[in-house]
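Asker: Below is the file data14.pdb, which contains PDB, C-alpha atoms and all ligand atoms.
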```pdb
ATOM      1  CA  MET A1146      -1.105   8.329  14.513  1.00  0.00           C
ATOM      2  CA  PRO A1147       2.660   8.048  14.132  1.00  0.00           C
ATOM      3  CA  THR A1148       2.642   4.726  12.271  1.00  0.00           C
ATOM      4  CA  MET A1149      -0.100   5.614   9.762  1.00  0.00           C
ATOM      5  CA  HIS A1150       0.923   4.942   6.200  1.00  0.00           C
ATOM      6  CA  ILE A1151      -1.070   5.775   3.061  1.00  0.00           C
ATOM      7  CA  SER A1152       0.099   4.813  -0.402  1.00  0.00           C
ATOM      8  CA  PHE A1153      -1.200   5.049  -3.960  1.00  0.00           C
ATOM      9  CA  LEU A1154      -2.770   1.824  -5.201  1.00  0.00           C
ATOM     10  CA  THR A1155      -4.121   2.421  -8.707  1.00  0.00           C
ATOM     11  CA  SER A1156      -6.122   4.711 -11.042  1.00  0.00           C
ATOM     12  CA  ALA A1157      -9.291   3.678 -12.831  1.00  0.00           C
ATOM     13  CA  ALA A1158     -10.943   5.266 -15.863  1.00  0.00           C
ATOM     14  CA  HIS A1159     -13.407   2.428 -16.357  1.00  0.00           C
ATOM     15  CA  PRO A1160     -15.168  -0.041 -14.014  1.00  0.00           C
ATOM     16  CA  SER A1161     -12.986  -2.853 -15.400  1.00  0.00           C
ATOM     17  CA  GLN A1162     -10.012  -1.034 -13.883  1.00  0.00           C
ATOM     18  CA  PHE A1163     -11.417  -0.837 -10.349  1.00  0.00           C
ATOM     19  CA  PRO A1164      -9.192  -2.765  -7.956  1.00  0.00           C
ATOM     20  CA  GLY A1165     -10.667  -5.897  -6.404  1.00  0.00           C
ATOM     21  CA  GLU A1166     -12.819  -5.105  -3.413  1.00  0.00           C
ATOM     22  CA  GLY A1167     -10.637  -5.093  -0.319  1.00  0.00           C
ATOM     23  CA  PRO A1168     -10.761  -2.967   2.839  1.00  0.00           C
ATOM     24  CA  PRO A1169     -13.663  -0.575   3.552  1.00  0.00           C
ATOM     25  CA  GLU A1170     -13.540   2.392   1.184  1.00  0.00           C
ATOM     26  CA  ILE A1171     -13.957   6.096   1.877  1.00  0.00           C
ATOM     27  CA  ALA A1172     -14.766   8.147  -1.239  1.00  0.00           C
ATOM     28  CA  PHE A1173     -14.331  11.897  -1.750  1.00  0.00           C
ATOM     29  CA  LEU A1174     -17.042  13.566  -3.797  1.00  0.00           C
ATOM     30  CA  GLY A1175     -17.828  17.116  -4.770  1.00  0.00           C
ATOM     31  CA  ARG A1176     -17.673  19.778  -7.458  1.00  0.00           C
ATOM     32  CA  SER A1177     -14.469  20.242  -9.398  1.00  0.00           C
ATOM     33  CA  ASN A1178     -11.971  22.353  -7.505  1.00  0.00           C
ATOM     34  CA  VAL A1179     -13.818  22.096  -4.182  1.00  0.00           C
ATOM     35  CA  GLY A1180     -10.730  20.533  -2.594  1.00  0.00           C
ATOM     36  CA  LYS A1181     -11.206  16.734  -2.611  1.00  0.00           C
ATOM     37  CA  SER A1182      -7.586  15.894  -3.337  1.00  0.00           C
ATOM     38  CA  SER A1183      -6.408  18.541  -0.859  1.00  0.00           C
ATOM     39  CA  LEU A1184      -8.606  17.018   1.837  1.00  0.00           C
ATOM     40  CA  LEU A1185      -7.078  13.607   1.230  1.00  0.00           C
ATOM     41  CA  ASN A1186      -3.587  15.104   1.473  1.00  0.00           C
ATOM     42  CA  SER A1187      -4.508  16.867   4.692  1.00  0.00           C
ATOM     43  CA  LEU A1188      -5.808  13.621   6.194  1.00  0.00           C
ATOM     44  CA  ALA A1189      -2.718  11.749   5.052  1.00  0.00           C
ATOM     45  CA  GLY A1190      -0.450  14.475   6.416  1.00  0.00           C
ATOM     46  CA  THR A1191       1.590  14.291   3.223  1.00  0.00           C
ATOM     47  CA  PRO A1192       0.926  15.157  -0.450  1.00  0.00           C
ATOM     48  CA  ILE A1193      -0.191  11.927  -2.101  1.00  0.00           C
ATOM     49  CA  ALA A1194      -2.949  13.223  -4.413  1.00  0.00           C
ATOM     50  CA  ARG A1195      -2.509  15.829  -7.159  1.00  0.00           C
ATOM     51  CA  VAL A1196      -3.956  19.260  -6.440  1.00  0.00           C
ATOM     52  CA  SER A1197      -4.503  22.068  -8.923  1.00  0.00           C
ATOM     53  CA  SER A1198      -6.079  25.501  -9.057  1.00  0.00           C
ATOM     54  CA  THR A1199      -7.577  24.525 -12.443  1.00  0.00           C
ATOM     55  CA  PRO A1200     -10.895  22.664 -12.098  1.00  0.00           C
ATOM     56  CA  GLY A1201     -10.907  19.145 -13.481  1.00  0.00           C
ATOM     57  CA  ARG A1202      -7.496  18.090 -12.250  1.00  0.00           C
ATOM     58  CA  THR A1203      -8.565  14.589 -11.176  1.00  0.00           C
ATOM     59  CA  ARG A1204      -9.839  12.615 -14.180  1.00  0.00           C
ATOM     60  CA  THR A1205      -9.713   9.068 -12.868  1.00  0.00           C
ATOM     61  CA  ILE A1206     -10.769   7.422  -9.633  1.00  0.00           C
ATOM     62  CA  ASN A1207      -7.523   7.193  -7.698  1.00  0.00           C
ATOM     63  CA  PHE A1208      -7.302   4.584  -4.972  1.00  0.00           C
ATOM     64  CA  PHE A1209      -5.021   4.759  -1.932  1.00  0.00           C
ATOM     65  CA  ASP A1210      -4.558   2.082   0.713  1.00  0.00           C
ATOM     66  CA  ALA A1211      -4.145   3.128   4.328  1.00  0.00           C
ATOM     67  CA  HIS A1212      -2.478   1.290   7.183  1.00  0.00           C
ATOM     68  CA  LEU A1213      -3.485   2.978  10.394  1.00  0.00           C
ATOM     69  CA  SER A1214      -1.245   1.072  12.735  1.00  0.00           C
ATOM     70  CA  ARG A1215       0.436  -2.157  11.713  1.00  0.00           C
ATOM     71  CA  PRO A1216       2.122  -2.100   8.298  1.00  0.00           C
ATOM     72  CA  GLU A1217       2.556  -5.898   8.209  1.00  0.00           C
ATOM     73  CA  ARG A1218      -1.214  -6.444   8.318  1.00  0.00           C
ATOM     74  CA  PRO A1219      -3.619  -5.909   5.363  1.00  0.00           C
ATOM     75  CA  PRO A1220      -4.644  -2.237   4.906  1.00  0.00           C
ATOM     76  CA  ASP A1221      -7.322  -0.980   7.313  1.00  0.00           C
ATOM     77  CA  LEU A1222      -9.095   1.162   4.751  1.00  0.00           C
ATOM     78  CA  ARG A1223      -8.913   2.510   1.239  1.00  0.00           C
ATOM     79  CA  PHE A1224      -9.477   6.049  -0.028  1.00  0.00           C
ATOM     80  CA  ALA A1225     -11.017   6.812  -3.409  1.00  0.00           C
ATOM     81  CA  ASP A1226     -10.303  10.306  -4.780  1.00  0.00           C
ATOM     82  CA  LEU A1227     -12.931  11.011  -7.435  1.00  0.00           C
ATOM     83  CA  PRO A1228     -13.116  13.466 -10.318  1.00  0.00           C
ATOM     84  CA  GLY A1229     -15.311  16.473  -9.610  1.00  0.00           C
ATOM     85  CA  TYR A1230     -18.639  17.322 -11.191  1.00  0.00           C
ATOM     86  CA  GLY A1231     -20.383  20.285 -12.755  1.00  0.00           C
ATOM     87  CA  TYR A1232     -18.077  23.178 -12.118  1.00  0.00           C
ATOM     88  CA  ALA A1233     -20.132  26.369 -12.659  1.00  0.00           C
ATOM     89  CA  ARG A1234     -22.519  24.529 -14.905  1.00  0.00           C
ATOM     90  CA  LEU A1235     -26.179  23.658 -14.830  1.00  0.00           C
ATOM     91  CA  PRO A1236     -27.196  21.070 -12.263  1.00  0.00           C
ATOM     92  CA  LYS A1237     -28.248  18.624 -14.941  1.00  0.00           C
ATOM     93  CA  ALA A1238     -24.619  18.449 -15.955  1.00  0.00           C
ATOM     94  CA  LEU A1239     -24.030  16.639 -12.692  1.00  0.00           C
ATOM     95  CA  LEU A1240     -24.703  13.140 -13.894  1.00  0.00           C
ATOM     96  CA  ALA A1241     -24.749  13.789 -17.640  1.00  0.00           C
ATOM     97  CA  GLY A1242     -21.267  15.244 -17.680  1.00  0.00           C
ATOM     98  CA  TRP A1243     -19.866  13.057 -14.967  1.00  0.00           C
ATOM     99  CA  PRO A1244     -17.734  10.299 -16.379  1.00  0.00           C
ATOM    100  CA  LYS A1245     -19.737   7.170 -16.864  1.00  0.00           C
ATOM    101  CA  PHE A1246     -17.732   5.161 -14.378  1.00  0.00           C
ATOM    102  CA  ILE A1247     -18.500   7.257 -11.314  1.00  0.00           C
ATOM    103  CA  GLU A1248     -22.156   6.471 -11.022  1.00  0.00           C
ATOM    104  CA  PRO A1249     -21.532   2.694 -11.296  1.00  0.00           C
ATOM    105  CA  TYR A1250     -18.849   3.067  -8.647  1.00  0.00           C
ATOM    106  CA  LEU A1251     -21.191   4.830  -6.229  1.00  0.00           C
ATOM    107  CA  GLU A1252     -24.068   2.550  -6.971  1.00  0.00           C
ATOM    108  CA  HIS A1253     -22.418  -0.871  -6.964  1.00  0.00           C
ATOM    109  CA  ARG A1254     -19.173  -0.754  -5.034  1.00  0.00           C
ATOM    110  CA  ALA A1255     -19.830  -3.277  -2.249  1.00  0.00           C
ATOM    111  CA  THR A1256     -16.975  -2.115   0.001  1.00  0.00           C
ATOM    112  CA  LEU A1257     -17.887   1.595  -0.134  1.00  0.00           C
ATOM    113  CA  ALA A1258     -18.264   2.389   3.576  1.00  0.00           C
ATOM    114  CA  LEU A1259     -18.613   6.177   3.537  1.00  0.00           C
ATOM    115  CA  CYS A1260     -18.873   9.001   1.010  1.00  0.00           C
ATOM    116  CA  ILE A1261     -17.434  12.313   2.044  1.00  0.00           C
ATOM    117  CA  VAL A1262     -19.308  15.004   0.134  1.00  0.00           C
ATOM    118  CA  LEU A1263     -17.357  18.252   0.036  1.00  0.00           C
ATOM    119  CA  VAL A1264     -18.960  21.654  -0.254  1.00  0.00           C
ATOM    120  CA  ASP A1265     -17.156  25.006  -0.348  1.00  0.00           C
ATOM    121  CA  VAL A1266     -18.075  27.334   2.540  1.00  0.00           C
ATOM    122  CA  ASN A1267     -17.139  30.312   0.366  1.00  0.00           C
ATOM    123  CA  VAL A1268     -19.850  29.839  -2.214  1.00  0.00           C
ATOM    124  CA  PRO A1269     -23.609  29.827  -1.733  1.00  0.00           C
ATOM    125  CA  PRO A1270     -25.340  26.423  -1.622  1.00  0.00           C
ATOM    126  CA  GLN A1271     -25.234  24.817  -5.077  1.00  0.00           C
ATOM    127  CA  LYS A1272     -28.026  22.905  -6.760  1.00  0.00           C
ATOM    128  CA  SER A1273     -25.587  20.286  -8.009  1.00  0.00           C
ATOM    129  CA  ASP A1274     -24.555  19.513  -4.416  1.00  0.00           C
ATOM    130  CA  ALA A1275     -28.171  19.252  -3.282  1.00  0.00           C
ATOM    131  CA  GLN A1276     -28.838  16.966  -6.241  1.00  0.00           C
ATOM    132  CA  LEU A1277     -25.938  14.669  -5.365  1.00  0.00           C
ATOM    133  CA  ILE A1278     -27.031  14.517  -1.736  1.00  0.00           C
ATOM    134  CA  ARG A1279     -30.588  13.641  -2.754  1.00  0.00           C
ATOM    135  CA  TRP A1280     -29.189  10.886  -4.934  1.00  0.00           C
ATOM    136  CA  MET A1281     -27.052   9.528  -2.070  1.00  0.00           C
ATOM    137  CA  ARG A1282     -30.072   9.499   0.220  1.00  0.00           C
ATOM    138  CA  ALA A1283     -32.171   7.706  -2.406  1.00  0.00           C
ATOM    139  CA  LYS A1284     -29.445   5.069  -2.846  1.00  0.00           C
ATOM    140  CA  GLU A1285     -29.057   4.800   0.946  1.00  0.00           C
ATOM    141  CA  ARG A1286     -25.334   5.386   0.744  1.00  0.00           C
ATOM    142  CA  PRO A1287     -23.865   6.588   4.052  1.00  0.00           C
ATOM    143  CA  PHE A1288     -22.346  10.034   3.581  1.00  0.00           C
ATOM    144  CA  LEU A1289     -20.917  12.937   5.534  1.00  0.00           C
ATOM    145  CA  ILE A1290     -20.957  16.513   4.285  1.00  0.00           C
ATOM    146  CA  VAL A1291     -17.684  18.329   4.854  1.00  0.00           C
ATOM    147  CA  ALA A1292     -17.699  22.108   4.453  1.00  0.00           C
ATOM    148  CA  THR A1293     -14.188  22.965   3.356  1.00  0.00           C
ATOM    149  CA  LYS A1294     -11.934  26.023   2.857  1.00  0.00           C
ATOM    150  CA  THR A1295     -13.074  27.449   6.209  1.00  0.00           C
ATOM    151  CA  ASP A1296      -9.729  29.267   6.507  1.00  0.00           C
ATOM    152  CA  ARG A1297     -10.972  31.840   3.990  1.00  0.00           C
ATOM    153  CA  LEU A1298     -13.776  33.160   6.205  1.00  0.00           C
ATOM    154  CA  SER A1299     -14.025  35.086   9.446  1.00  0.00           C
ATOM    155  CA  ALA A1300     -15.741  33.348  12.361  1.00  0.00           C
ATOM    156  CA  ASN A1301     -18.884  35.367  11.707  1.00  0.00           C
ATOM    157  CA  GLN A1302     -18.978  34.654   7.979  1.00  0.00           C
ATOM    158  CA  LEU A1303     -18.326  30.994   8.669  1.00  0.00           C
ATOM    159  CA  ARG A1304     -21.238  30.735  11.081  1.00  0.00           C
ATOM    160  CA  ASN A1305     -23.601  32.258   8.523  1.00  0.00           C
ATOM    161  CA  SER A1306     -22.305  30.141   5.695  1.00  0.00           C
ATOM    162  CA  LEU A1307     -22.627  26.909   7.697  1.00  0.00           C
ATOM    163  CA  ARG A1308     -26.169  27.876   8.653  1.00  0.00           C
ATOM    164  CA  ASP A1309     -27.121  28.493   4.994  1.00  0.00           C
ATOM    165  CA  LEU A1310     -25.512  25.251   3.825  1.00  0.00           C
ATOM    166  CA  ARG A1311     -27.252  23.216   6.534  1.00  0.00           C
ATOM    167  CA  ALA A1312     -30.592  24.685   5.546  1.00  0.00           C
ATOM    168  CA  ALA A1313     -30.133  24.294   1.796  1.00  0.00           C
ATOM    169  CA  LEU A1314     -28.777  20.758   1.972  1.00  0.00           C
ATOM    170  CA  ALA A1315     -31.083  19.643   4.802  1.00  0.00           C
ATOM    171  CA  ALA A1316     -27.935  18.525   6.556  1.00  0.00           C
ATOM    172  CA  GLY A1317     -28.040  18.262  10.315  1.00  0.00           C
ATOM    173  CA  ASP A1318     -24.489  17.040  10.404  1.00  0.00           C
ATOM    174  CA  LEU A1319     -21.910  19.100   8.571  1.00  0.00           C
ATOM    175  CA  LEU A1320     -18.246  19.071   9.444  1.00  0.00           C
ATOM    176  CA  PRO A1321     -16.221  22.287   8.925  1.00  0.00           C
ATOM    177  CA  TYR A1322     -12.713  21.690   7.558  1.00  0.00           C
ATOM    178  CA  SER A1323      -9.672  23.444   6.216  1.00  0.00           C
ATOM    179  CA  ALA A1324      -7.097  21.533   4.242  1.00  0.00           C
ATOM    180  CA  ARG A1325      -4.847  24.554   4.592  1.00  0.00           C
ATOM    181  CA  THR A1326      -4.799  24.622   8.413  1.00  0.00           C
ATOM    182  CA  ASP A1327      -5.946  21.016   9.010  1.00  0.00           C
ATOM    183  CA  ALA A1328      -8.831  22.330  11.160  1.00  0.00           C
ATOM    184  CA  GLY A1329     -11.327  19.489  11.557  1.00  0.00           C
ATOM    185  CA  ARG A1330      -8.743  16.796  10.861  1.00  0.00           C
ATOM    186  CA  SER A1331      -9.026  14.806  14.083  1.00  0.00           C
ATOM    187  CA  GLU A1332     -12.849  14.953  13.985  1.00  0.00           C
ATOM    188  CA  LEU A1333     -12.885  13.681  10.417  1.00  0.00           C
ATOM    189  CA  TRP A1334     -10.438  10.892  11.210  1.00  0.00           C
ATOM    190  CA  ARG A1335     -12.714   9.862  14.057  1.00  0.00           C
ATOM    191  CA  VAL A1336     -15.706   9.613  11.715  1.00  0.00           C
ATOM    192  CA  ILE A1337     -13.675   7.705   9.120  1.00  0.00           C
ATOM    193  CA  ARG A1338     -12.307   5.180  11.601  1.00  0.00           C
ATOM    194  CA  HIS A1339     -15.745   4.666  13.067  1.00  0.00           C
ATOM    195  CA  ALA A1340     -17.281   4.106   9.617  1.00  0.00           C
ATOM    196  CA  ALA A1341     -14.538   1.685   8.583  1.00  0.00           C
ATOM    197  CA  ARG A1342     -14.751  -0.320  11.804  1.00  0.00           C
ATOM    198  CA  GLY A1343     -18.532  -0.532  11.707  1.00  0.00           C
ATOM    199  CA  PHE A1344     -18.420  -1.555   8.063  1.00  0.00           C
ATOM    200  CA  SER A1345     -15.857  -4.293   8.690  1.00  0.00           C
ATOM    201  CA  ARG A1346     -17.950  -5.703  11.530  1.00  0.00           C
ATOM    202  CA  THR A1347     -21.172  -5.871   9.564  1.00  0.00           C
ATOM    203  CA  HIS A1348     -19.965  -6.589   6.023  1.00  0.00           C
ATOM    204  CA  LEU A1349     -16.534  -8.172   6.114  1.00  0.00           C
ATOM    205  CA  ALA A1350     -16.755 -10.329   9.244  1.00  0.00           C
TER     206      ALA A1350
HETATM  207  N1  LIG B1401      -7.723  28.171   1.155  1.00  0.00           N
HETATM  208  C1  LIG B1401      -7.938  26.875   0.894  1.00  0.00           C
HETATM  209  N2  LIG B1401      -7.727  26.403  -0.359  1.00  0.00           N
HETATM  210  C2  LIG B1401      -7.961  25.102  -0.590  1.00  0.00           C
HETATM  211  C3  LIG B1401      -8.429  24.216   0.423  1.00  0.00           C
HETATM  212  N3  LIG B1401      -8.594  22.996  -0.125  1.00  0.00           N
HETATM  213  C4  LIG B1401      -8.233  23.110  -1.424  1.00  0.00           C
HETATM  214  N4  LIG B1401      -7.851  24.371  -1.715  1.00  0.00           N
HETATM  215  C5  LIG B1401      -7.408  24.864  -3.036  1.00  0.00           C
HETATM  216  O1  LIG B1401      -8.442  24.615  -3.983  1.00  0.00           O
HETATM  217  C6  LIG B1401      -7.901  24.259  -5.253  1.00  0.00           C
HETATM  218  C7  LIG B1401      -8.467  22.908  -5.721  1.00  0.00           C
HETATM  219  O2  LIG B1401      -8.000  21.894  -4.857  1.00  0.00           O
HETATM  220  P1  LIG B1401      -8.058  20.343  -5.278  1.00  0.00           P
HETATM  221  O3  LIG B1401      -7.751  19.579  -4.034  1.00  0.00           O
HETATM  222  O4  LIG B1401      -7.233  20.072  -6.483  1.00  0.00           O
HETATM  223  O5  LIG B1401      -9.601  20.187  -5.658  1.00  0.00           O
HETATM  224  P2  LIG B1401     -10.362  18.911  -6.266  1.00  0.00           P
HETATM  225  O6  LIG B1401     -11.729  18.918  -5.675  1.00  0.00           O
HETATM  226  O7  LIG B1401      -9.549  17.676  -6.044  1.00  0.00           O
HETATM  227  O8  LIG B1401     -10.432  19.301  -7.813  1.00  0.00           O
HETATM  228  P3  LIG B1401     -10.695  18.323  -9.083  1.00  0.00           P
HETATM  229  O9  LIG B1401      -9.765  17.160  -8.947  1.00  0.00           O
HETATM  230  O10 LIG B1401     -10.361  19.215 -10.234  1.00  0.00           O
HETATM  231  O11 LIG B1401     -12.128  17.941  -9.041  1.00  0.00           O
HETATM  232  C8  LIG B1401      -6.385  24.259  -5.079  1.00  0.00           C
HETATM  233  O12 LIG B1401      -5.897  25.502  -5.508  1.00  0.00           O
HETATM  234  C9  LIG B1401      -6.201  24.103  -3.579  1.00  0.00           C
HETATM  235  O13 LIG B1401      -4.995  24.636  -3.095  1.00  0.00           O
HETATM  236  C10 LIG B1401      -8.630  24.754   1.739  1.00  0.00           C
HETATM  237  O14 LIG B1401      -9.058  24.081   2.701  1.00  0.00           O
HETATM  238  N5  LIG B1401      -8.371  26.085   1.904  1.00  0.00           N
HETATM  239 MG    MG B1402      -8.859  16.278  -7.362  1.00  0.00          MG
END
```
Please go through the file and, once you have read it, give me the structure as C-alpha cells.
Ligand SMILES: Nc1nc2c(ncn2[C@@H]2O[C@H](COP(=O)(O)OP(=O)(O)OP(=O)(O)O)[C@@H](O)[C@H]2O)c(=O)[nH]1
Ligand SMILES: [Mg+2]
Answerer:
Amino acid sequence: MPTMHISFLTSAAHPSQFPGEGPPEIAFLGRSNVGKSSLLNSLAGTPIARVSSTPGRTRTINFFDAHLSRPERPPDLRFADLPGYGYARLPKALLAGWPKFIEPYLEHRATLALCIVLVDVNVPPQKSDAQLIRWMRAKERPFLIVATKTDRLSANQLRNSLRDLRAALAAGDLLPYSARTDAGRSELWRVIRHAARGFSRTHLA
C-alpha cells in the first residue's frame, strides 16, 4: 500500500466533540496498556498515536482519517483510538470507570463499521474483556478480537494462550498480532478493508 496516508483528525473528550460522521470507522478497544495505540501505529506503518508503558496514556477518543489509495478523494476510512478500561481492577470498573463518552460512542455512532477488541496473549483471560465482548454481542456491534503482543511468547506458549483465550471469550475468530514485529498486519488490513467496503455498500450508498 505505497500510497496509503493516515493523518490525525481530532480528539474528543465529550460526545459534542465527536467529528461529524464521515467514512466508515474502525475503533480500537481494550484494557489500558494492552497496545491499542501501538496497533494503530503498526497498521499505519508510522507513529501517529501516542504510546506509553504507563497505563492510561490515551484519555480522549482520537480520530485519524485514512486514504488507502487516492489522496485527492475523500478518506476511505477513519480510525478511532479509544482510552483503555479497567487496568487490573474489578470487572465492574469496566463501564463505571470508563469515561462517560465511550459508551455513547459505541452505542450510537452510526458510522462505526468494526470494533477491534484487543486482548493481551501474555495474561490469562480477563473478566473485563469477556464483559466487553458480551456487551458488544448484545448491542450487535461487529467486532474482531485481536490477541496482541505475540512476540513475547514461544510458539508453544502462544498456541496454549490462544486456545485459552478462545475458550474463555467464546471467540471462534481471534487474530494473533504483534505491533513490535507487525505479525498479522496484512491479515488485519484485509479484515479492515473488507469491513469498510461492506459498510459503505450497505450504509453509505
Ligand atoms: N512486546 C510488545 N509490546 C507492545 C506491543 N504492543 C504494545 N506494546 C507495549 O505496550 C505498552 C502499551 O502500549 P500502548 O499502545 O500505549 O497501549 P494502549 O492500549 O494504547 O494504552 P492506553 O492508551 O493507556 O489505554 C507500551 O509499552 C508498548 O510499547 C506488542 O505487540 N509487543
Ligand atoms: Mg492508547
Asker: Enumerate, as a ChimeraX atom specification, the residues matched when the PyMOL selection byres (((chain A and resi 1262) around 12) and not hetatm) is run on the file above.
Answerer: /A:1171-1177,1179-1181,1184,1226-1227,1229-1230,1259-1261,1263-1265,1273-1281,1286-1293,1314,1316,1318-1322
Asker: Expand the PyMOL selection byres (((chain A and resi 1202) around 10) and not hetatm) into the explicit residue set it covers here, and present it as a ChimeraX atom specification.
Answerer: /A:1177-1178,1182,1195-1201,1203-1205,1228-1229
Asker: Point out the residue among A:Leu1188, A:Leu1213, A:Leu1298, A:Ala1225 with the least atom-to-atom distance to ligand MG 1402 (chain B), counting only C-alpha atoms and all ligand atoms.
Answerer: A:Ala1225
Asker: Name the residues in contact with A:Pro1270 at a cut-off of 8 Å, using all atoms listed in the file, excluding same-chain residues fewer than 6 positions from it; report them as a PyMOL selection string.
Answerer: chain A and resi 1309-1310+1313-1314
Asker: Determine the nearest neighbour of ligand MG 1402 (chain B) from the options A:Gly1317, A:Ile1247, A:Val1336, A:Ala1194, counting only C-alpha atoms and all ligand atoms.
Answerer: A:Ala1194
Asker: Quick one: distance from atom CA of A:Tyr1250 to atom O11 of ligand LIG 1401 (chain B) in Å, one decimal?
Answerer: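 A separation of 16.3 Å between them.
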Asker: Just the number, please: distance in Å from atom C2 of ligand LIG 1401 (chain B) to atom CA of A:Ile1206, one decimal.
Answerer: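 Going from atom C2 of ligand LIG 1401 (chain B) over to atom CA of A:Ile1206 covers 20.1 Å.
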Asker: Measuring between only C-alpha atoms, which one of A:Arg1304, A:Arg1297, A:Arg1254, A:Arg1311 shows the shortest distance to A:Pro1168?
Answerer: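 For A:Pro1168, the nearest of the given residues is A:Arg1254.
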Asker: Could you state which residues are captured by the PyMOL selection byres (((chain A and resi 1258) around 6) and not hetatm) in this file, as a list in words?
Answerer: Pro1169, Glu1170, Ile1171, Thr1256, Leu1257, Leu1259 and Phe1344 of chain A
Asker: Emit as AutoDock Vina command-line options the padded axis-aligned box for all listed atoms of stretch 1308-1313 of chain A, 4 Å per side, with centre and edge lengths in Å to one decimal.
Answerer:
```
--center_x -28.1 --center_y 25.9 --center_z 5.2 --size_x 13.1 --size_y 13.3 --size_z 14.9
```
Asker: With all atoms listed in the file as the atoms that count, which of A:His1150, A:Ser1214, A:Phe1209, A:Thr1295 lies nearest to A:Ala1324?
Answerer: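 Under the stated criterion, the closest residue is A:Thr1295.
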Asker: Got a minute to add all heavy atoms to stretch 1336-1342 of chain A and dump it as a CSV table (one decimal), in the coordinates of the input?
Answerer:
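Output below, filename out-v7.csv:
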```csv
chain,number,residue,atom,x,y,z
A,1336,VAL,N,-14.5,10.1,12.5
A,1336,VAL,CA,-15.7,9.6,11.7
A,1336,VAL,C,-15.3,8.5,10.7
A,1336,VAL,O,-16.0,7.5,10.6
A,1336,VAL,CB,-16.4,10.8,10.9
A,1336,VAL,CG1,-17.5,10.3,10.0
A,1336,VAL,CG2,-16.9,11.9,11.9
A,1337,ILE,N,-14.1,8.7,10.1
A,1337,ILE,CA,-13.7,7.7,9.1
A,1337,ILE,C,-13.4,6.4,9.8
A,1337,ILE,O,-13.8,5.3,9.3
A,1337,ILE,CB,-12.4,8.3,8.4
A,1337,ILE,CG1,-12.9,9.4,7.4
A,1337,ILE,CG2,-11.7,7.2,7.6
A,1337,ILE,CD1,-11.7,10.2,6.8
A,1338,ARG,N,-12.6,6.4,10.9
A,1338,ARG,CA,-12.3,5.2,11.6
A,1338,ARG,C,-13.5,4.5,12.1
A,1338,ARG,O,-13.7,3.2,12.0
A,1338,ARG,CB,-11.4,5.5,12.8
A,1338,ARG,CG,-9.9,5.4,12.4
A,1338,ARG,CD,-9.0,5.2,13.6
A,1338,ARG,NE,-8.1,6.3,13.7
A,1338,ARG,CZ,-8.3,7.4,14.4
A,1338,ARG,NH1,-9.3,7.6,15.2
A,1338,ARG,NH2,-7.4,8.4,14.3
A,1339,HIS,N,-14.5,5.2,12.6
A,1339,HIS,CA,-15.7,4.7,13.1
A,1339,HIS,C,-16.5,4.0,11.9
A,1339,HIS,O,-17.0,2.9,12.0
A,1339,HIS,CB,-16.6,5.8,13.7
A,1339,HIS,CG,-17.8,5.3,14.4
A,1339,HIS,ND1,-19.0,5.4,13.8
A,1339,HIS,CD2,-18.0,4.7,15.6
A,1339,HIS,CE1,-19.9,4.8,14.6
A,1339,HIS,NE2,-19.4,4.4,15.7
A,1340,ALA,N,-16.6,4.7,10.8
A,1340,ALA,CA,-17.3,4.1,9.6
A,1340,ALA,C,-16.6,2.8,9.1
A,1340,ALA,O,-17.3,1.8,8.8
A,1340,ALA,CB,-17.3,5.1,8.5
A,1341,ALA,N,-15.3,2.8,9.1
A,1341,ALA,CA,-14.5,1.7,8.6
A,1341,ALA,C,-14.7,0.5,9.5
A,1341,ALA,O,-14.9,-0.6,9.1
A,1341,ALA,CB,-13.1,2.0,8.4
A,1342,ARG,N,-14.6,0.8,10.8
A,1342,ARG,CA,-14.8,-0.3,11.8
A,1342,ARG,C,-16.1,-0.9,11.8
A,1342,ARG,O,-16.3,-2.1,11.7
A,1342,ARG,CB,-14.4,0.2,13.2
A,1342,ARG,CG,-13.2,-0.5,13.8
A,1342,ARG,CD,-13.0,-0.1,15.2
A,1342,ARG,NE,-12.0,1.0,15.3
A,1342,ARG,CZ,-12.3,2.2,15.9
A,1342,ARG,NH1,-13.4,2.5,16.4
A,1342,ARG,NH2,-11.3,3.1,15.9
```
